[in-house]
Amino acid sequence: MNNFDFYNPTRIAFGEGKIAALDTLVPANANVLILFGGESARRTGTLTEVEAALGDRRVQLFGGIEPNPSFETLMEAVSVVQRDGIDYLLAVGGGSVIDGTKFVAAASLFEGDAWNILLKGGSNIHRALPFGSVLTLPATGSEMNKGAVVTRKSLHAKLPFHSEHVFPQFSVLDPTKSYTLPPRQVANGVVDAFVHIVEQYLTYPADAPVQDRFAEGLLETLIEIGPQALTEPEHYQVRANLMWVATLALNGLIGSGVPQDWATHMLGHELTALHGLDHAQTLAIVLPTMLAERKEAKRDKLVQYAQRVWAISEGSDEQKADLAIAKTRDFFERLGVKTRLADYQLAAEHIEPLIDSLEAHGMTALGEHNDVTPEVCRRVLHASL
């Protein structure tokens, strides 16, 4: 196991009715800006419940944060913060709203052009406004980590950043708030959480059985409850476990002390930036072929994954690895998330612009060995047609 530092200060308030805890979680004298996405937060009554829990605090609303939060929209929120003396932010929504709120928290106090936050990956963030979140869509794990991804539509760029200054102070996780989600969003959430785990687990052995077993248990849980979340949308225990798995998938715990990959995510970001695909759709397209392309380097962990997660006990190591990759693709397909570029009307002529964009963003040495080059990504995309 590698040396590591693990730090996570986010308080989790989990369970039905926990939105009422906002009264004790948000400072009594706070001037609050609630950030949210579309009208579903209002239509389902979640916004009304949040506002009621905040009581007599000064509260303003900022809606319209996109599924892939845009720099342009978020800078409008920064203007509101600076104009009205906002001193506390509250994200109400899924990972995109929480990611966007992290950016607003940092950009509101940033000196200079806030685009540099993304160009520097967050290394230049020295302070941020305090904020919390009310999670309505289990998927990204943003409710309990220090990372975010923001898209600048005018530049077709989707870039990540990280900073310990943008951990949420708290996150409220009420599984009942996910009952009304459309099936597509639920399926996307399962895929997103699954690939987050795989990116930290499916690399090479690092003598870290604690992290391996934890990751494998989370993957097995998603395989078990993912389809149930679609067929039984108001099954509390299923939604509770899905919400908690998605949080644990990316709160830093299973990735501590082990090598991490993230090549699938970086290539997926380019698909979203250039073609507007859902984040999880890009992961479902890229992951199976990325694993097949890099099968030799990942052989030991692929076999472990096959045996422990998919209970594959027969055949050669090569056959086990191949079958595990096939079962992964099949799992995404059974959730209704398609796994081929052609499923999204993308063809061979779309590949070179994606590679050009990767190179423009400096994504030329990806993966746990820094050996995922643009040429490797080109082969992955061609195999994904």
# chains A, B, ... in the order shown; residues from 1 in each chain; ligands from 1
$ closest_atom_pairs --of "segment 194-226 of chain A" --to "segment 187-190 of chain A" --cutoff "12 Å" --atoms "only C-alpha atoms" --output "tab-separated table"
residue	atom	partner	partner_atom	distance
A:Phe194	CA	A:Val190	CA	6.1
A:Val195	CA	A:Val190	CA	8.7
A:His196	CA	A:Val190	CA	10.0
A:Ile197	CA	A:Val190	CA	11.0
A:Leu218	CA	A:Val190	CA	11.1
A:Leu219	CA	A:Val190	CA	10.0
A:Glu220	CA	A:Val190	CA	11.8
A:Thr221	CA	A:Val190	CA	10.4
A:Leu222	CA	A:Val190	CA	6.7
A:Ile223	CA	A:Val190	CA	8.8
A:Glu224	CA	A:Val190	CA	10.8
A:Ile225	CA	A:Val190	CA	9.0
A:Gly226	CA	A:Val190	CA	6.0
$ write_last_selection --atoms "C-alpha atoms" --output "PDB file, in the first residue's frame"
ATOM      1  CA  PHE A 194     -19.786   2.055 -10.757  1.00  0.00           C
ATOM      2  CA  VAL A 195     -17.126   3.644 -12.949  1.00  0.00           C
ATOM      3  CA  HIS A 196     -15.887   5.855 -10.099  1.00  0.00           C
ATOM      4  CA  ILE A 197     -15.121   2.689  -8.162  1.00  0.00           C
ATOM      5  CA  LEU A 218     -19.539  -1.557  -3.413  1.00  0.00           C
ATOM      6  CA  LEU A 219     -19.473  -2.913  -6.972  1.00  0.00           C
ATOM      7  CA  GLU A 220     -21.400  -6.025  -5.975  1.00  0.00           C
ATOM      8  CA  THR A 221     -23.959  -3.853  -4.215  1.00  0.00           C
ATOM      9  CA  LEU A 222     -24.499  -1.741  -7.339  1.00  0.00           C
ATOM     10  CA  ILE A 223     -24.894  -4.860  -9.483  1.00  0.00           C
ATOM     11  CA  GLU A 224     -27.509  -6.121  -7.040  1.00  0.00           C
ATOM     12  CA  ILE A 225     -29.522  -2.955  -6.427  1.00  0.00           C
ATOM     13  CA  GLY A 226     -29.033  -1.043  -9.688  1.00  0.00           C
TER      14      GLY A 226
END
$ closest_atom_pairs --of "segment 231-275 of chain A" --to "segment 4-19 of chain A" --cutoff "10 Å" --atoms "only C-alpha atoms" --output "Markdown table"
| residue | atom | partner | partner_atom | distance |
| --- | --- | --- | --- | --- |
| A:Tyr236 | CA | A:Glu16 | CA | 9.1 |
| A:Ala240 | CA | A:Gly15 | CA | 7.7 |
| A:Met243 | CA | A:Phe14 | CA | 9.5 |
| A:Trp244 | CA | A:Phe14 | CA | 8.8 |
| A:Thr247 | CA | A:Ile12 | CA | 9.9 |
| A:Asn251 | CA | A:Asn8 | CA | 7.5 |
| A:Gly252 | CA | A:Phe6 | CA | 7.2 |
| A:Leu253 | CA | A:Phe6 | CA | 7.3 |
| A:Gly255 | CA | A:Phe6 | CA | 9.5 |
| A:Ser256 | CA | A:Phe4 | CA | 6.1 |
| A:Gly257 | CA | A:Phe4 | CA | 5.3 |
| A:Val258 | CA | A:Phe4 | CA | 8.7 |
$ select_by_dssp --residues "segment 125-302 of chain A" --states "strand (DSSP E)" --output "number ranges by chain"
A: 131-135, 147-152, 157-162, 170-173
$ closest_residue --among "A:Arg239, A:His162, A:Lys177, A:His279" --to "Gly95 of chain A" --atoms "only C-alpha atoms"
A:His279
$ residues_around --residues "segment 289-297 of chain A" --least-positions-apart "4" --cutoff "9 Å" --atoms "only C-alpha atoms" --output "list in words"
Leu202, Thr203, Tyr204, Ala263, Thr264, Ile285, Leu302, Glu318, Ala321, Asp322, Ile325, His369, Val372, Val376, Cys377, Arg379, Val380, Leu381, Ala383 and Ser384 of chain A
$ atom_distance --atom1 "atom CA of Glu199 of chain A" --atom2 "atom CA of Gln319 of chain A"
21.6 Å
$ closest_residue --among "A:Val172, A:Ala114, A:Leu137, A:Ala107" --to "Ala41 of chain A" --atoms "only C-alpha atoms"
A:Leu137
$ closest_residue --among "A:Phe110, A:Phe131, A:Phe103, A:Phe332" --to "Leu283 of chain A" --atoms "only C-alpha atoms"
A:Phe332
